[in-house]
Amino acid sequence: MNVLVTGAAGFIGSTLTLRLLKEGYNVCGIDNLNDYYDVNLKKARLDLIKKFSGFDFQQLDLADRGKIEALFASNSFDCVVNLAAQAGVRHSIENPSSYVDSNLVGFGNILEGCRHSKVKHLVYASSSSVYGLNTLMPFSVRHNVDHPISLYAASKKANELMAHTYSYLYKLPTTGLRFFTVYGPWGRPDMALFLFTKAIMENKPIKVFNNGNMQRDFTYIDDIVEGVIRVMKKVPEADPEWSSDSPNPSSSCVPYKLYNIGNNQPVALMEFIRAIETAIGKKAMIDYLPMQPGDVPATYADVGDLIADTGFKPSTPIEKGIQNFVDWYMGYYI
């Protein structure tokens, strides 16, 4: 099976690519290696991947229409997993144009490539941030998500709408995955676990927003990757029970599907911090701050559809996942 993974040097993309190669897939990976965070970390991930045969890497930007067209024209992909995106809720407030280029223009180019080359299945990363002002917990893919509160979230909601349009017009099977707070070894330096670990190790205070009154459905990277692979193998079909009178937002009368991938067990931020302290063996100095624009107080994933359709439920305990990250961090940086 030939798979295109975009964002192959990223946190999720590199971990997925490594797993696919170990399982015998042929993988073409693309990434623009931008400097949103340490490029050396991205290159180190690629160095691990390049040890495996069956991997072809190309440094490409999704927003470059000509090069993306050429990529699809010169390859035959059975499945495309689009993980490339400009990430970060807070960064989207300061640098909105980068989200338009990568998450909207870039995703449009991927859809066009899949359409013209008759890709059998497009799997793409959405985000728990699409739930925005929703307060009914747990967040369900059957809930409407029409009130995002960051451009990042809006761009991910737009991806879901764009994908549905291509599923309708061109019968392109598409599956969107709403990831919930992914963490683990090789994680992004702008994420809380990385920032907290680094600060505690360096005897610096950590910034805790909303005075610590936050909950997140922290989901371990291996659980995310397992979910992606299970979904890759389940090409969506038109839902025979779908009704335009009472539409289910997670499916359609065309080959379109949405899933949450989350641990289904929200953890209080202060409990998360205590687990980091235990793994490191050192107490954190805490600087309590108010809620930041674009943030939500809690996330909690309903993964019922994922379980029903793939038989998989994320289950890695937070203590184990954090210990694995701290062990990696100490081995990589210290």
# chains A, B, ... in the order shown; residues from 1 in each chain; ligands from 1
call {"tool": "residues_around", "arguments": {"residues": "Asn134 in chain A", "least_positions_apart": "5", "cutoff": "12 Å", "atoms": "only C-alpha atoms", "output": "ChimeraX atom specification"}}
result
/A:128-129,139-141,143-149,296-300
call {"tool": "write_last_selection", "arguments": {"atoms": "N, CA and C atoms", "output": "tab-separated table (two decimals), in the first residue's frame"}}
result
chain	number	residue	atom	x	y	z
A	128	SER	N	-9.76	18.95	18.33
A	128	SER	CA	-10.78	19.16	19.37
A	128	SER	C	-11.13	20.63	19.51
A	129	SER	N	-10.28	21.51	19.00
A	129	SER	CA	-10.54	22.95	19.12
A	129	SER	C	-11.79	23.37	18.36
A	139	PHE	N	-17.60	15.95	24.42
A	139	PHE	CA	-17.76	16.45	23.07
A	139	PHE	C	-18.01	15.28	22.12
A	140	SER	N	-19.06	15.39	21.33
A	140	SER	CA	-19.43	14.33	20.41
A	140	SER	C	-19.37	14.81	18.97
A	141	VAL	N	-18.93	13.93	18.07
A	141	VAL	CA	-18.91	14.27	16.65
A	141	VAL	C	-20.33	14.47	16.12
A	143	HIS	N	-22.43	16.42	17.65
A	143	HIS	CA	-22.80	17.79	18.02
A	143	HIS	C	-22.43	18.76	16.91
A	144	ASN	N	-23.20	19.82	16.76
A	144	ASN	CA	-22.81	20.88	15.83
A	144	ASN	C	-21.64	21.66	16.41
A	145	VAL	N	-20.75	22.11	15.55
A	145	VAL	CA	-19.57	22.88	15.99
A	145	VAL	C	-19.46	24.15	15.14
A	146	ASP	N	-20.35	25.07	15.41
A	146	ASP	CA	-20.44	26.26	14.58
A	146	ASP	C	-19.93	27.53	15.26
A	147	HIS	N	-19.26	27.38	16.40
A	147	HIS	CA	-18.82	28.57	17.13
A	147	HIS	C	-17.36	28.44	17.59
A	148	PRO	N	-16.43	28.37	16.63
A	148	PRO	CA	-15.00	28.32	16.99
A	148	PRO	C	-14.56	29.64	17.61
A	149	ILE	N	-13.49	29.60	18.41
A	149	ILE	CA	-13.02	30.82	19.07
A	149	ILE	C	-11.54	31.11	18.78
A	296	VAL	N	-10.01	27.11	25.75
A	296	VAL	CA	-11.26	26.65	26.34
A	296	VAL	C	-10.93	26.01	27.69
A	297	PRO	N	-11.85	26.07	28.65
A	297	PRO	CA	-11.54	25.56	30.00
A	297	PRO	C	-11.41	24.05	30.09
A	298	ALA	N	-12.09	23.31	29.19
A	298	ALA	CA	-12.06	21.85	29.31
A	298	ALA	C	-12.30	21.19	27.95
A	299	THR	N	-11.72	20.00	27.78
A	299	THR	CA	-12.01	19.15	26.63
A	299	THR	C	-12.24	17.73	27.13
A	300	TYR	N	-13.14	17.02	26.46
A	300	TYR	CA	-13.51	15.67	26.88
A	300	TYR	C	-14.14	14.97	25.68
call {"tool": "residues_around", "arguments": {"residues": "Gly321 in chain A", "least_positions_apart": "2", "cutoff": "9 Å", "atoms": "only C-alpha atoms", "output": "list in words"}}
result
Tyr183, Gly184, Pro185, Thr219, Tyr220, Ile221, Thr316, Pro317, Ile318, Glu319, Gln323, Asn324, Phe325 and Val326 of chain A
call {"tool": "select_by_dssp", "arguments": {"residues": "range 151-328 of chain A", "states": "strand (DSSP E or B)", "output": "MDAnalysis selection string"}}
result
chainID A and resid 174:179 182:183 206:208 215:216 219:220 256:261 267:268 286:288 298 301
call {"tool": "atom_distance", "arguments": {"atom1": "CA of Gly108 in chain A", "atom2": "CA of Ala73 in chain A"}}
result
16.1 Å
call {"tool": "residues_around", "arguments": {"residues": "Lys198 in chain A", "least_positions_apart": "5", "cutoff": "12 Å", "atoms": "only C-alpha atoms", "output": "JSON, numbers by chain"}}
result
{"A": [189, 190, 191, 192, 193, 203, 204, 205, 206, 207, 276, 277, 280, 282, 284, 325, 326, 329, 330, 332, 333, 334]}
call {"tool": "write_last_selection", "arguments": {"atoms": "C-alpha atoms", "output": "PDB file, in the first residue's frame"}}
result
ATOM      1  CA  PRO A 189       8.180  22.210  22.094  1.00  0.00           C
ATOM      2  CA  ASP A 190       5.218  24.622  22.221  1.00  0.00           C
ATOM      3  CA  MET A 191       2.965  22.128  24.020  1.00  0.00           C
ATOM      4  CA  ALA A 192       2.360  22.199  27.775  1.00  0.00           C
ATOM      5  CA  LEU A 193       4.150  18.936  28.636  1.00  0.00           C
ATOM      6  CA  ASN A 203      14.417  25.497  37.875  1.00  0.00           C
ATOM      7  CA  LYS A 204      12.222  28.088  36.172  1.00  0.00           C
ATOM      8  CA  PRO A 205       8.555  28.826  36.921  1.00  0.00           C
ATOM      9  CA  ILE A 206       5.880  27.328  34.686  1.00  0.00           C
ATOM     10  CA  LYS A 207       3.018  29.428  33.332  1.00  0.00           C
ATOM     11  CA  ILE A 276       5.276  15.583  35.651  1.00  0.00           C
ATOM     12  CA  GLU A 277       6.770  16.425  39.065  1.00  0.00           C
ATOM     13  CA  ILE A 280      11.097  14.244  37.085  1.00  0.00           C
ATOM     14  CA  LYS A 282      11.263  17.762  41.356  1.00  0.00           C
ATOM     15  CA  ALA A 284       7.379  22.947  39.937  1.00  0.00           C
ATOM     16  CA  PHE A 325       8.034  11.588  27.612  1.00  0.00           C
ATOM     17  CA  VAL A 326      10.312  12.594  30.496  1.00  0.00           C
ATOM     18  CA  TYR A 329      13.397  14.297  27.047  1.00  0.00           C
ATOM     19  CA  MET A 330      16.269  13.442  29.381  1.00  0.00           C
ATOM     20  CA  TYR A 332      17.536  13.649  24.001  1.00  0.00           C
ATOM     21  CA  TYR A 333      18.415  16.915  25.734  1.00  0.00           C
ATOM     22  CA  ILE A 334      20.477  16.003  28.797  1.00  0.00           C
TER      23      ILE A 334
END
call {"tool": "residues_around", "arguments": {"residues": "range 56-59 of chain A", "least_positions_apart": "5", "cutoff": "7 Å", "atoms": "only C-alpha atoms", "output": "JSON, numbers by chain"}}
result
{"A": [27, 28, 29, 30, 31, 32]}
call {"tool": "write_last_selection", "arguments": {"atoms": "all heavy atoms", "output": "tab-separated table (two decimals), in the first residue's frame"}}
result
chain	number	residue	atom	x	y	z
A	27	VAL	N	5.92	4.63	2.08
A	27	VAL	CA	5.47	5.95	2.51
A	27	VAL	C	6.25	7.05	1.80
A	27	VAL	O	7.48	7.05	1.79
A	27	VAL	CB	5.63	6.14	4.04
A	27	VAL	CG1	5.15	7.53	4.47
A	27	VAL	CG2	4.87	5.06	4.80
A	28	CYS	N	5.51	7.95	1.20
A	28	CYS	CA	6.09	9.21	0.71
A	28	CYS	C	5.75	10.27	1.75
A	28	CYS	O	4.57	10.47	2.06
A	28	CYS	CB	5.51	9.59	-0.65
A	28	CYS	SG	6.07	11.21	-1.25
A	29	GLY	N	6.75	10.89	2.31
A	29	GLY	CA	6.53	11.91	3.32
A	29	GLY	C	6.91	13.29	2.81
A	29	GLY	O	7.95	13.43	2.16
A	30	ILE	N	6.07	14.27	3.06
A	30	ILE	CA	6.42	15.64	2.70
A	30	ILE	C	6.30	16.54	3.93
A	30	ILE	O	5.51	16.28	4.84
A	30	ILE	CB	5.57	16.20	1.54
A	30	ILE	CG1	4.11	16.36	1.95
A	30	ILE	CG2	5.69	15.32	0.31
A	30	ILE	CD1	3.27	17.10	0.91
A	31	ASP	N	7.11	17.57	3.95
A	31	ASP	CA	7.10	18.55	5.04
A	31	ASP	C	7.83	19.79	4.53
A	31	ASP	O	8.80	19.66	3.75
A	31	ASP	CB	7.80	17.98	6.27
A	31	ASP	CG	7.39	18.69	7.56
A	31	ASP	OD1	7.72	19.89	7.71
A	31	ASP	OD2	6.75	18.05	8.41
A	32	ASN	N	7.39	20.97	4.95
A	32	ASN	CA	8.12	22.17	4.51
A	32	ASN	C	9.23	22.58	5.48
A	32	ASN	O	9.99	23.51	5.21
A	32	ASN	CB	7.16	23.35	4.28
A	32	ASN	CG	6.48	23.84	5.56
A	32	ASN	OD1	6.73	23.32	6.65
A	32	ASN	ND2	5.62	24.83	5.42
call {"tool": "closest_residue", "arguments": {"among": "A:Ala63, A:Ser246, A:Phe179, A:Asp305", "to": "Ser97 in chain A", "atoms": "only C-alpha atoms"}}
result
A:Ala63
